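File shown: work-v2.txt. Contents: compact mmCIF, C-alpha atoms and all ligand atoms.
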```txt
# COMPACT_ATOMS: atom_id res chain seq x y z
CA MET A 152 -20.21 -0.66 17.34
CA SER A 153 -21.69 1.85 14.94
CA GLU A 154 -24.92 0.15 13.98
CA SER A 155 -27.76 1.25 16.23
CA ALA A 156 -31.32 0.04 16.55
CA ASP A 157 -32.38 2.44 13.82
CA GLY A 158 -29.78 0.92 11.51
CA PRO A 159 -26.56 2.08 9.92
CA SER A 160 -28.33 3.91 7.09
CA SER A 161 -29.37 6.73 9.41
CA ALA A 162 -25.72 7.44 10.18
CA HIS A 163 -24.25 7.06 6.71
CA PRO A 164 -24.70 9.58 3.91
CA THR A 165 -26.74 8.27 1.00
CA PRO A 166 -26.22 10.40 -2.15
CA PRO A 167 -23.24 9.43 -4.31
CA PHE A 168 -20.78 11.73 -2.55
CA THR A 169 -17.18 11.82 -3.69
CA LYS A 170 -14.52 9.72 -2.00
CA ARG A 171 -12.88 12.86 -0.63
CA THR A 172 -16.11 13.83 1.12
CA LEU A 173 -16.77 10.33 2.44
CA ALA A 174 -13.20 10.01 3.75
CA ALA A 175 -13.30 13.45 5.42
CA GLN A 176 -16.34 12.39 7.44
CA ALA A 177 -15.19 8.80 7.97
CA MET A 178 -18.31 7.66 6.09
CA GLY A 179 -20.49 10.07 8.06
CA HIS A 180 -20.37 8.04 11.22
CA VAL A 181 -22.36 9.46 14.15
CA ASP A 182 -22.41 7.54 17.43
CA PRO A 183 -26.01 6.52 18.01
CA VAL A 184 -25.83 6.94 21.81
CA THR A 185 -23.82 10.16 22.29
CA ARG A 186 -24.20 11.71 18.79
CA ALA A 187 -20.39 12.04 18.73
CA VAL A 188 -19.09 12.73 15.20
CA VAL A 189 -15.94 10.70 15.86
CA ALA A 190 -16.34 6.94 16.18
CA PRO A 191 -15.52 5.68 19.67
CA LEU A 192 -12.42 3.63 20.31
CA HIS A 193 -13.59 0.13 21.22
CA VAL A 194 -10.98 -1.52 23.40
CA SER A 195 -13.07 -4.43 24.70
CA THR A 196 -11.66 -7.85 23.88
CA THR A 197 -14.96 -9.60 24.52
CA PHE A 198 -18.64 -8.99 23.86
CA LEU A 199 -21.81 -9.98 25.69
CA ARG A 200 -23.71 -12.99 24.45
CA ASP A 201 -27.47 -12.80 24.00
CA PRO A 202 -29.64 -14.85 26.41
CA ASP A 203 -30.28 -17.28 23.56
CA ASN A 204 -26.47 -17.70 23.18
CA GLY A 205 -26.28 -15.69 19.94
CA TYR A 206 -24.11 -12.66 19.18
CA SER A 207 -26.62 -10.21 17.73
CA SER A 208 -24.01 -7.40 17.65
CA GLY A 209 -21.87 -9.44 15.26
CA PHE A 210 -18.93 -9.31 17.69
CA SER A 211 -17.77 -12.06 20.02
CA TYR A 212 -14.02 -11.68 20.58
CA ALA A 213 -11.44 -9.13 19.42
CA ARG A 214 -8.99 -11.44 17.64
CA PRO A 215 -11.26 -12.33 14.70
CA ASP A 216 -12.77 -8.83 14.53
CA ASN A 217 -13.08 -5.54 16.37
CA ALA A 218 -15.39 -2.59 15.85
CA THR A 219 -12.80 0.18 15.57
CA THR A 220 -10.85 -1.79 12.97
CA ARG A 221 -14.09 -2.26 11.04
CA GLU A 222 -14.59 1.51 10.87
CA ALA A 223 -11.22 2.01 9.16
CA GLU A 224 -11.85 -1.01 6.91
CA ALA A 225 -15.10 0.55 5.70
CA VAL A 226 -13.29 3.71 4.57
CA ILE A 227 -10.58 1.74 2.77
CA ALA A 228 -13.16 -0.53 1.08
CA MET A 229 -14.98 2.59 -0.10
CA LEU A 230 -11.75 4.10 -1.49
CA GLU A 231 -10.80 0.84 -3.25
CA GLU A 232 -14.36 0.19 -4.49
CA ALA A 233 -14.03 -3.26 -2.95
CA GLU A 234 -17.30 -5.18 -3.13
CA ALA A 235 -16.16 -7.75 -0.59
CA GLY A 236 -14.72 -5.17 1.81
CA ALA A 237 -11.30 -4.79 3.38
CA MET A 238 -9.32 -6.53 6.12
CA LEU A 239 -6.74 -4.75 8.26
CA PHE A 240 -3.66 -6.56 9.53
CA GLY A 241 -0.93 -5.76 12.04
CA SER A 242 1.49 -4.85 9.21
CA GLY A 243 1.80 -4.72 5.44
CA MET A 244 3.85 -7.91 5.60
CA ALA A 245 1.11 -9.67 7.60
CA ALA A 246 -1.42 -8.63 4.92
CA ALA A 247 0.74 -9.68 1.97
CA THR A 248 1.85 -12.99 3.48
CA ALA A 249 -1.78 -13.86 4.30
CA VAL A 250 -2.52 -13.79 0.55
CA PHE A 251 0.32 -16.20 -0.25
CA SER A 252 -0.53 -18.36 2.75
CA ALA A 253 -4.00 -18.95 1.28
CA LEU A 254 -2.35 -20.88 -1.58
CA GLU A 255 -1.96 -24.67 -1.59
CA PRO A 256 1.24 -26.71 -1.85
CA GLY A 257 2.02 -27.18 -5.55
CA ASP A 258 0.59 -23.81 -6.55
CA HIS A 259 2.81 -21.59 -8.67
CA ILE A 260 3.38 -17.87 -8.06
CA VAL A 261 4.66 -15.25 -10.49
CA ALA A 262 6.08 -12.15 -8.78
CA PRO A 263 7.99 -9.10 -10.01
CA LEU A 264 11.77 -8.74 -10.08
CA VAL A 265 11.32 -5.22 -8.75
CA MET A 266 9.23 -5.39 -5.59
CA TYR A 267 9.31 -4.63 -1.88
CA TRP A 268 12.55 -6.23 -0.77
CA ALA A 269 11.43 -7.84 2.51
CA LEU A 270 8.48 -9.51 0.80
CA LYS A 271 10.67 -10.82 -2.02
CA ARG A 272 13.04 -12.32 0.56
CA TRP A 273 10.10 -13.86 2.48
CA LEU A 274 8.84 -15.46 -0.75
CA GLN A 275 12.27 -16.86 -1.58
CA GLN A 276 12.56 -18.35 1.90
CA GLU A 277 9.01 -19.67 2.25
CA ALA A 278 8.21 -20.94 -1.27
CA PRO A 279 10.39 -24.07 -1.05
CA ARG A 280 9.24 -24.83 2.52
CA ARG A 281 5.57 -24.54 1.58
CA GLY A 282 5.80 -26.31 -1.78
CA TRP A 283 5.05 -23.29 -3.95
CA GLY A 284 6.61 -22.82 -7.37
CA LEU A 285 7.99 -19.29 -7.67
CA ASP A 286 9.23 -17.24 -10.61
CA PHE A 287 10.25 -13.61 -10.74
CA VAL A 288 9.73 -11.69 -13.99
CA ALA A 289 10.15 -8.16 -15.29
CA MET A 290 6.48 -7.23 -14.82
CA ASP A 291 6.71 -4.27 -17.20
CA ASP A 292 7.29 -6.86 -19.95
CA LEU A 293 3.93 -8.55 -20.59
CA ASP A 294 5.51 -11.20 -22.82
CA ALA A 295 7.78 -12.18 -19.93
CA LEU A 296 4.72 -12.50 -17.71
CA ARG A 297 2.91 -14.63 -20.33
CA ALA A 298 5.95 -16.87 -20.68
CA ALA A 299 6.28 -17.37 -16.92
CA ILE A 300 2.67 -18.43 -16.41
CA ARG A 301 1.93 -22.15 -16.15
CA PRO A 302 -1.75 -22.49 -17.03
CA GLY A 303 -3.65 -24.43 -14.40
CA THR A 304 -0.70 -24.36 -11.97
CA THR A 305 -0.05 -20.64 -11.63
CA LYS A 306 -2.60 -19.55 -9.04
CA LEU A 307 -1.33 -16.10 -8.15
CA VAL A 308 0.28 -13.24 -10.04
CA TRP A 309 1.66 -10.63 -7.64
CA VAL A 310 2.27 -7.13 -8.99
CA GLU A 311 3.65 -4.03 -7.31
CA THR A 312 3.06 -0.80 -9.23
CA PRO A 313 4.80 1.59 -9.03
CA GLY A 314 7.44 -0.98 -7.99
CA ASN A 315 9.81 -0.06 -5.21
CA PRO A 316 12.48 1.43 -5.54
CA LEU A 317 12.71 1.94 -9.33
CA TRP A 318 9.00 2.87 -9.61
CA THR A 319 8.52 0.40 -12.43
CA ILE A 320 4.99 0.49 -13.84
CA THR A 321 2.97 -2.63 -14.60
CA ASP A 322 -0.14 -2.55 -16.79
CA ILE A 323 -2.74 -3.85 -14.33
CA ALA A 324 -5.53 -4.40 -16.89
CA ALA A 325 -3.22 -6.39 -19.18
CA ALA A 326 -1.79 -8.41 -16.28
CA ALA A 327 -5.34 -9.21 -15.12
CA GLU A 328 -6.26 -10.50 -18.56
CA ILE A 329 -3.15 -12.69 -18.73
CA ALA A 330 -3.60 -14.03 -15.19
CA HIS A 331 -7.31 -14.72 -15.57
CA ALA A 332 -6.88 -16.46 -18.93
CA ALA A 333 -4.62 -18.94 -17.12
CA GLY A 334 -6.94 -19.36 -14.14
CA ALA A 335 -4.76 -17.32 -11.77
CA ARG A 336 -5.66 -14.48 -9.43
CA LEU A 337 -4.05 -11.06 -9.67
CA ALA A 338 -3.02 -9.26 -6.48
CA ILE A 339 -1.60 -5.73 -6.52
CA ASP A 340 0.67 -4.15 -3.92
CA SER A 341 -0.64 -0.61 -4.46
CA THR A 342 1.24 1.01 -1.56
CA ALA A 343 3.11 3.53 -3.71
CA ALA A 344 0.06 4.40 -5.81
CA SER A 345 -2.39 4.83 -2.93
CA PRO A 346 -6.13 4.34 -3.48
CA ILE A 347 -6.23 7.92 -4.76
CA HIS A 348 -4.01 7.41 -7.83
CA THR A 349 -4.95 3.85 -8.87
CA ARG A 350 -8.03 1.66 -8.54
CA PRO A 351 -6.65 -1.84 -9.16
CA LEU A 352 -9.95 -3.67 -8.60
CA ARG A 353 -11.68 -1.57 -11.24
CA LEU A 354 -8.79 -2.39 -13.61
CA GLY A 355 -9.41 -6.11 -13.12
CA ALA A 356 -7.29 -7.10 -10.12
CA ASP A 357 -8.79 -9.53 -7.62
CA ILE A 358 -7.07 -8.31 -4.46
CA VAL A 359 -5.35 -5.05 -3.60
CA MET A 360 -2.84 -4.73 -0.77
CA HIS A 361 -1.35 -1.71 1.00
CA SER A 362 1.22 -1.26 3.66
CA ALA A 363 -1.03 1.11 5.63
CA THR A 364 2.13 2.06 7.55
CA LYS A 365 2.89 4.26 4.57
CA ILE A 366 0.63 6.88 2.91
CA LEU A 367 -2.68 5.53 4.29
CA ASN A 368 -1.61 6.37 7.83
CA GLY A 369 0.91 8.92 6.62
CA HIS A 370 2.24 10.11 9.96
CA SER A 371 4.93 7.50 10.63
CA ASP A 372 3.29 6.39 13.87
CA VAL A 373 1.36 3.21 12.98
CA VAL A 374 2.45 -0.14 11.50
CA ALA A 375 -0.50 -1.65 9.62
CA GLY A 376 -1.48 -3.46 6.44
CA VAL A 377 -4.67 -3.97 4.50
CA LEU A 378 -6.22 -6.16 1.83
CA ALA A 379 -9.34 -5.35 -0.17
CA SER A 380 -11.10 -7.85 -2.39
CA ALA A 381 -13.32 -7.66 -5.45
CA ARG A 382 -15.21 -10.79 -4.44
CA ALA A 383 -16.25 -12.56 -1.25
CA ASP A 384 -15.15 -15.94 -2.60
CA GLY A 385 -13.54 -18.95 -0.96
CA PHE A 386 -10.04 -17.50 -1.31
CA TRP A 387 -11.08 -14.32 0.52
CA GLU A 388 -12.71 -16.43 3.24
CA ARG A 389 -9.52 -18.42 3.61
CA ILE A 390 -7.55 -15.17 4.04
CA GLY A 391 -10.04 -14.17 6.75
CA ALA A 392 -9.49 -17.49 8.50
CA ILE A 393 -5.71 -16.99 8.28
CA ARG A 394 -6.04 -13.54 9.87
CA ALA A 395 -8.31 -14.79 12.65
CA GLY A 396 -6.39 -17.99 13.32
CA GLY A 397 -2.99 -16.36 13.09
CA GLY A 398 -4.05 -13.46 15.29
CA ALA A 399 -2.92 -10.96 12.66
CA ILE A 400 -5.69 -8.34 12.97
CA LEU A 401 -4.80 -4.69 13.55
CA GLY A 402 -5.44 -3.57 17.14
CA PRO A 403 -8.09 -0.93 17.90
CA PHE A 404 -5.66 1.84 18.96
CA GLU A 405 -3.76 1.60 15.68
CA ALA A 406 -7.05 1.38 13.76
CA TYR A 407 -8.22 4.55 15.50
CA LEU A 408 -5.06 6.44 14.50
CA LEU A 409 -5.36 5.10 10.95
CA MET A 410 -9.00 6.20 10.83
CA ARG A 411 -7.98 9.74 11.80
CA SER A 412 -5.33 9.74 9.06
CA LEU A 413 -7.66 8.43 6.36
CA ARG A 414 -9.79 11.58 6.71
CA THR A 415 -6.97 13.62 5.16
CA LEU A 416 -5.63 10.99 2.74
CA PRO A 417 -6.90 12.67 -0.47
CA LEU A 418 -5.38 16.02 0.58
CA ARG A 419 -2.06 14.52 1.62
CA VAL A 420 -1.71 12.46 -1.55
CA ALA A 421 -2.52 15.46 -3.75
CA ALA A 422 0.03 17.69 -2.00
CA GLN A 423 2.79 15.09 -1.73
CA SER A 424 2.42 13.89 -5.34
CA ALA A 425 2.40 17.46 -6.69
CA SER A 426 5.66 18.15 -4.85
CA ALA A 427 7.17 14.85 -6.03
CA ALA A 428 6.34 15.72 -9.66
CA ASP A 429 7.87 19.16 -9.20
CA LEU A 430 11.06 17.72 -7.67
CA ALA A 431 11.28 15.07 -10.42
CA ARG A 432 11.22 17.83 -13.04
CA ARG A 433 13.76 19.98 -11.21
CA PHE A 434 16.22 17.17 -10.49
CA SER A 435 15.99 15.96 -14.11
CA ALA A 436 17.82 19.17 -15.02
CA HIS A 437 20.33 18.95 -12.14
CA PRO A 438 23.98 18.58 -13.26
CA ARG A 439 24.82 16.17 -10.39
CA VAL A 440 21.86 13.88 -11.06
CA ALA A 441 22.36 11.23 -13.76
CA SER A 442 18.68 10.31 -13.95
CA VAL A 443 15.37 10.63 -12.15
CA LEU A 444 13.09 7.61 -11.82
CA TYR A 445 9.50 8.83 -11.68
CA PRO A 446 6.58 7.56 -13.80
CA GLY A 447 5.21 11.09 -14.13
CA LEU A 448 8.13 12.15 -16.30
CA PRO A 449 7.27 11.95 -20.03
CA GLY A 450 10.57 10.15 -20.73
CA ASP A 451 10.05 7.48 -18.07
CA PRO A 452 9.68 3.96 -19.55
CA GLY A 453 6.44 3.46 -17.57
CA HIS A 454 4.92 6.83 -18.38
CA ALA A 455 2.47 5.79 -21.10
CA VAL A 456 0.92 3.01 -19.00
CA ALA A 457 1.02 5.14 -15.84
CA ALA A 458 -0.76 7.98 -17.63
CA ARG A 459 -3.49 5.50 -18.55
CA GLN A 460 -3.97 3.71 -15.24
CA MET A 461 -3.06 6.37 -12.66
CA GLU A 462 -5.41 9.25 -11.83
CA GLY A 463 -4.70 12.65 -10.32
CA GLY A 464 -0.93 12.21 -10.21
CA PHE A 465 1.93 9.72 -10.26
CA GLY A 466 2.70 9.36 -6.59
CA PHE A 467 4.85 10.78 -3.84
CA MET A 468 7.86 8.49 -4.44
CA LEU A 469 10.80 9.07 -6.75
CA SER A 470 14.43 8.03 -6.94
CA ILE A 471 17.45 9.90 -8.19
CA ARG A 472 20.69 8.40 -9.43
CA VAL A 473 23.69 10.44 -8.35
CA ALA A 474 26.02 11.07 -11.31
CA ALA A 475 29.24 10.66 -9.30
CA GLY A 476 28.27 7.17 -8.08
CA GLU A 477 27.63 5.24 -4.87
CA GLU A 478 29.95 7.07 -2.48
CA ALA A 479 28.63 10.43 -3.66
CA ALA A 480 25.08 9.18 -3.16
CA ILE A 481 25.82 8.09 0.42
CA ALA A 482 27.63 11.39 1.06
CA THR A 483 24.64 13.32 -0.29
CA ALA A 484 22.30 11.54 2.10
CA ALA A 485 24.75 12.35 4.91
CA ARG A 486 24.63 16.09 4.11
CA VAL A 487 20.86 16.73 4.02
CA ARG A 488 19.45 18.78 6.90
CA LEU A 489 15.74 18.88 6.15
CA TRP A 490 15.14 15.47 4.57
CA LYS A 491 15.19 12.74 7.21
CA ARG A 492 17.67 9.93 6.60
CA ALA A 493 15.34 7.00 7.32
CA THR A 494 13.56 4.07 5.78
CA SER A 495 9.79 3.87 5.13
CA LEU A 496 7.70 6.17 2.97
CA GLY A 497 4.46 8.09 2.62
CA GLY A 498 4.72 10.15 5.82
CA VAL A 499 4.15 13.91 6.05
CA GLU A 500 7.90 14.31 6.63
CA SER A 501 10.20 13.74 3.66
CA LEU A 502 12.63 10.82 3.84
CA ILE A 503 15.81 10.01 1.93
CA GLU A 504 17.41 6.59 1.78
CA HIS A 505 20.40 4.95 0.13
CA ARG A 506 18.31 1.95 -0.80
CA ALA A 507 21.01 -0.47 -2.00
CA SER A 508 22.54 -0.43 1.52
CA VAL A 509 19.20 -1.61 2.90
CA GLU A 510 18.55 -4.30 0.31
CA GLY A 511 22.04 -5.81 0.20
CA PRO A 512 23.38 -8.38 -2.29
CA GLY A 513 21.09 -9.45 -5.14
CA THR A 514 19.09 -6.25 -5.21
CA PRO A 515 18.07 -4.79 -8.59
CA CYS A 516 18.59 -1.36 -6.97
CA PRO A 517 21.58 0.51 -8.46
CA PRO A 518 24.21 1.56 -5.89
CA ASP A 519 24.05 5.23 -6.89
CA LEU A 520 20.31 5.48 -6.16
CA LEU A 521 18.69 7.62 -3.47
CA ARG A 522 15.04 6.90 -2.73
CA LEU A 523 12.97 9.95 -1.91
CA SER A 524 9.64 9.92 -0.10
CA VAL A 525 8.12 13.37 -0.49
CA GLY A 526 6.14 14.82 2.42
CA ILE A 527 4.11 17.98 2.89
CA GLU A 528 6.95 20.46 3.56
CA HIS A 529 7.31 23.37 1.11
CA VAL A 530 8.71 21.98 -2.12
CA ASP A 531 11.21 24.86 -2.45
CA ASP A 532 12.71 23.95 0.94
CA LEU A 533 12.96 20.30 -0.11
CA PHE A 534 14.64 21.20 -3.38
CA ALA A 535 17.07 23.66 -1.80
CA ASP A 536 18.17 21.22 0.92
CA LEU A 537 18.91 18.40 -1.51
CA ASP A 538 20.44 20.78 -4.05
CA VAL A 539 22.97 21.91 -1.42
CA ALA A 540 23.59 18.31 -0.30
CA LEU A 541 24.32 17.24 -3.90
CA GLY A 542 27.18 19.78 -3.77
C1 LIG B 601 6.51 -1.07 3.58
C2 LIG B 601 6.03 -1.87 2.45
C3 LIG B 601 5.55 -3.18 2.63
C4 LIG B 601 5.57 -3.85 3.98
O1 LIG B 601 4.72 -3.18 4.87
P1 LIG B 601 4.97 -3.14 6.46
O2 LIG B 601 3.82 -2.32 6.94
O3 LIG B 601 6.31 -2.52 6.70
O4 LIG B 601 4.92 -4.54 6.94
C5 LIG B 601 5.09 -3.86 1.52
N1 LIG B 601 5.09 -3.30 0.29
C6 LIG B 601 5.53 -2.05 0.07
C7 LIG B 601 5.52 -1.49 -1.30
C8 LIG B 601 6.02 -1.30 1.14
O5 LIG B 601 6.49 -0.06 0.93
```
Using structure tokens, write down the structure that the file contains.
Amino acid sequence: MSESADGPSSAHPTPPFTKRTLAAQAMGHVDPVTRAVVAPLHVSTTFLRDPDNGYSSGFSYARPDNATTREAEAVIAMLEEAEAGAMLFGSGMAAATAVFSALEPGDHIVAPLVMYWALKRWLQQEAPRRGWGLDFVAMDDLDALRAAIRPGTTKLVWVETPGNPLWTITDIAAAAEIAHAAGARLAIDSTAASPIHTRPLRLGADIVMHSATKILNGHSDVVAGVLASARADGFWERIGAIRAGGGAILGPFEAYLLMRSLRTLPLRVAAQSASAADLARRFSAHPRVASVLYPGLPGDPGHAVAARQMEGGFGFMLSIRVAAGEEAAIATAARVRLWKRATSLGGVESLIEHRASVEGPGTPCPPDLLRLSVGIEHVDDLFADLDVALG
């Protein structure tokens, strides 16, 4: 592990450096034995006990915790300004479901109508089996949220902003006030915002979640998820027990790859979001595009709130609605040569997806919608390829 006899402070920079600087140097880690500037990959599943039976290193076994995973967690906690730290899981779904699993039977959940489809389906399946009340509301409508809350019984408000795949914006500060007034926690799926564009904990959220499979790793080669918490309270401890007991921690190899990716996160987000904003503007004027869904556009219904709560950009995700309808949308996705026709998002390679086909019946996703995840290719190439494919 990173802490040496002379303590972690000797290895970590002390002045208030910017997040970009801290991420670039992975918190300034230097291996105390070899002086390596890259943290070693700790693959050991077990750790030596002290003669007095203690574990002075803080590590005993790799299911509850491992040192490489802790390195990546420290960077994410720094980015999210999470007082209680961060916990990495084997997937975004493992992270998100750990939050819900920390609830008790009888607790009530309010979740958004527009949210990550697989998680919505999981909630619909699990809520009745686990005795949770569950209501879905239009989270961009604060009155709808207020009306759905059952004071004393609602224990968790789940928000995803921007919300996949319509990129609906929810006012985090307002949602926090409403949730807290009723005695509920607020958790934010901030995958599409990234820690660079939004700081949910500073805005009043209690827990922030990311599918680290997406922009945090950003190279489409790791499945991972993370939670970061404002407070080390009983609920956070319970989530830790669920991760340890359920064996849901991220493995060290994946944590190592994620750590490497986090060093360039601020640069990737800046480049990808700038290209997404540029494409949103250009496709807004495209004759074969009926509308562009992107919170950075001044006419977007979420723009005013997004401009207030997002920093440095509006994200790398947008959707376009193809004017000629569903078949034309599917045909457009079939004709692209540069964009990759694939699910997922946040990677350095740009992806296009006919989202309604993935989500199936009951989805709020319109059938003429193509979801675009913008990578780091030249934006002119991305525009030209899709322009040709639109016909
Ligand atoms: C992908 C995704 C998830 C699920 O994450 P996995 O890593 O695939 O388990 C949750 N929320 C959002 C917004 C996502 O994009």
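Shortest atom-to-atom contact with ligand LIG 601 (chain B) among A:Tyr212, A:Phe534, A:Trp268, A:Phe251: A:Trp268, counting all atoms listed in the file.
With all atoms listed in the file as the atoms that count, the set of residues no farther than 7 Å from ligand LIG 601 (chain B) is Ser242, Gly243, Met244, Ala245, Met266, Tyr267, Leu270, Glu311, Gly314, Asn315, Asp340, Ser341, Thr342, Ala343, His361, Ser362, Ala363, Thr364, Lys365, Val374, Ala375, Gly376, Ser495 and Leu496 of chain A.
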Could you give me, as JSON lines, every stretch 196-296 of chain A residue with an atom at most 8 Å from stretch 169-191 of chain A, plus its closest atom pair and distance in Å to one decimal, counting all atoms listed in the file, rows ordered by chain then number?
```
{"residue": "A:Thr219", "atom": "CA", "partner": "A:Pro191", "partner_atom": "CA", "distance": 7.4}
{"residue": "A:Glu222", "atom": "CA", "partner": "A:Ala190", "partner_atom": "CA", "distance": 7.8}
{"residue": "A:Ala223", "atom": "CA", "partner": "A:Ala177", "partner_atom": "CA", "distance": 8.0}
{"residue": "A:Ala225", "atom": "CA", "partner": "A:Met178", "partner_atom": "CA", "distance": 7.8}
{"residue": "A:Val226", "atom": "CA", "partner": "A:Ala174", "partner_atom": "CA", "distance": 6.4}
{"residue": "A:Met229", "atom": "CA", "partner": "A:Lys170", "partner_atom": "CA", "distance": 7.4}
{"residue": "A:Leu230", "atom": "CA", "partner": "A:Lys170", "partner_atom": "CA", "distance": 6.3}
```
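With atom CA of A:Ser380 on one side and atom CA of A:Ile358 on the other, the separation reads 4.6 Å.
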Selection near A:Trp490, 10 Å with all atoms listed in the file, sequence-local residues under 4 positions removed, as JSON, numbers by chain: {"A": [484, 486, 500, 501, 502, 503, 504, 523, 524, 525, 526, 528, 532, 533, 534, 536, 537]}
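Contact shell of A:Asn217 at 9 Å (all atoms listed in the file; same-chain neighbours under 4 positions omitted): Met152, His193, Val194, Ser195, Thr196, Phe210, Ser211, Tyr212, Ala213, Arg221, Ile400, Leu401, Gly402 and Pro403 of chain A.
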Any chance you can output those residues with C-alpha atoms as a tab-separated table (two decimals), in the coordinates of the input?
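Contents of part.tsv, freshly written:
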```
chain	number	residue	atom	x	y	z
A	152	MET	CA	-20.21	-0.66	17.34
A	193	HIS	CA	-13.59	0.13	21.22
A	194	VAL	CA	-10.98	-1.52	23.40
A	195	SER	CA	-13.07	-4.43	24.70
A	196	THR	CA	-11.66	-7.85	23.88
A	210	PHE	CA	-18.93	-9.31	17.69
A	211	SER	CA	-17.77	-12.06	20.02
A	212	TYR	CA	-14.02	-11.68	20.58
A	213	ALA	CA	-11.44	-9.13	19.42
A	221	ARG	CA	-14.09	-2.26	11.04
A	400	ILE	CA	-5.69	-8.34	12.97
A	401	LEU	CA	-4.80	-4.69	13.55
A	402	GLY	CA	-5.44	-3.57	17.14
A	403	PRO	CA	-8.09	-0.93	17.90
```
Spatial neighbours of A:Pro313, max dist 7 Å, all atoms listed in the file, sep filter under 5 positions, as a ChimeraX atom specification: /A:318-320,343-344
For A:Gly450, list every protein, DNA or RNA residue within 12 Å, evaluated using all atoms listed in the file, and leave out those in the same chain fewer than 6 positions away; present the list as a PDB file with C-alpha atoms, in the coordinates of the input.
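Produced file part22.pdb, reproduced below:
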```pdb
ATOM      1  CA  ALA A 431      11.280  15.070 -10.420  1.00  0.00           C
ATOM      2  CA  ARG A 432      11.220  17.830 -13.040  1.00  0.00           C
ATOM      3  CA  SER A 435      15.990  15.960 -14.110  1.00  0.00           C
ATOM      4  CA  SER A 442      18.680  10.310 -13.950  1.00  0.00           C
ATOM      5  CA  VAL A 443      15.370  10.630 -12.150  1.00  0.00           C
ATOM      6  CA  LEU A 444      13.090   7.610 -11.820  1.00  0.00           C
ATOM      7  CA  ALA A 457       1.020   5.140 -15.840  1.00  0.00           C
ATOM      8  CA  ALA A 458      -0.760   7.980 -17.630  1.00  0.00           C
TER       9      ALA A 458
END
```
Selection near A:Gly391, 10 Å with only C-alpha atoms, sequence-local residues under 4 positions removed, as a list of chain:residue names: A:Pro215, A:Asp216, A:Met238, A:Ala249, A:Val250, A:Ala253, A:Gly385, A:Phe386, A:Trp387, A:Ala395, A:Gly396, A:Gly397, A:Ala399, A:Ile400
Gap from atom CA of A:Leu293 to atom CA of A:Thr349 - Å, one decimal: 19.2 Å
Of the listed residues A:Met461, A:Pro438, A:Val509, A:Gly453, that which approaches A:Ala475 most closely, counting all atoms listed in the file: A:Pro438
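With atom CA of A:Ala338 on one side and atom CA of A:His259 on the other, the separation reads 13.8 Å.
The residue that comes closest to A:Val530, out of A:Ala480, A:Ala507, A:Leu430, A:Ala383 and on the basis of all atoms listed in the file, is A:Leu430.
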From A:Leu254, A:His437, A:Glu328, A:Ala246, residue lying nearest A:Val539 [only C-alpha atoms]: A:His437
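Considering only C-alpha atoms, the residue among A:Val487, A:Ala428, A:Ala289, A:Leu409 positioned nearest to A:Pro515 is A:Ala289.
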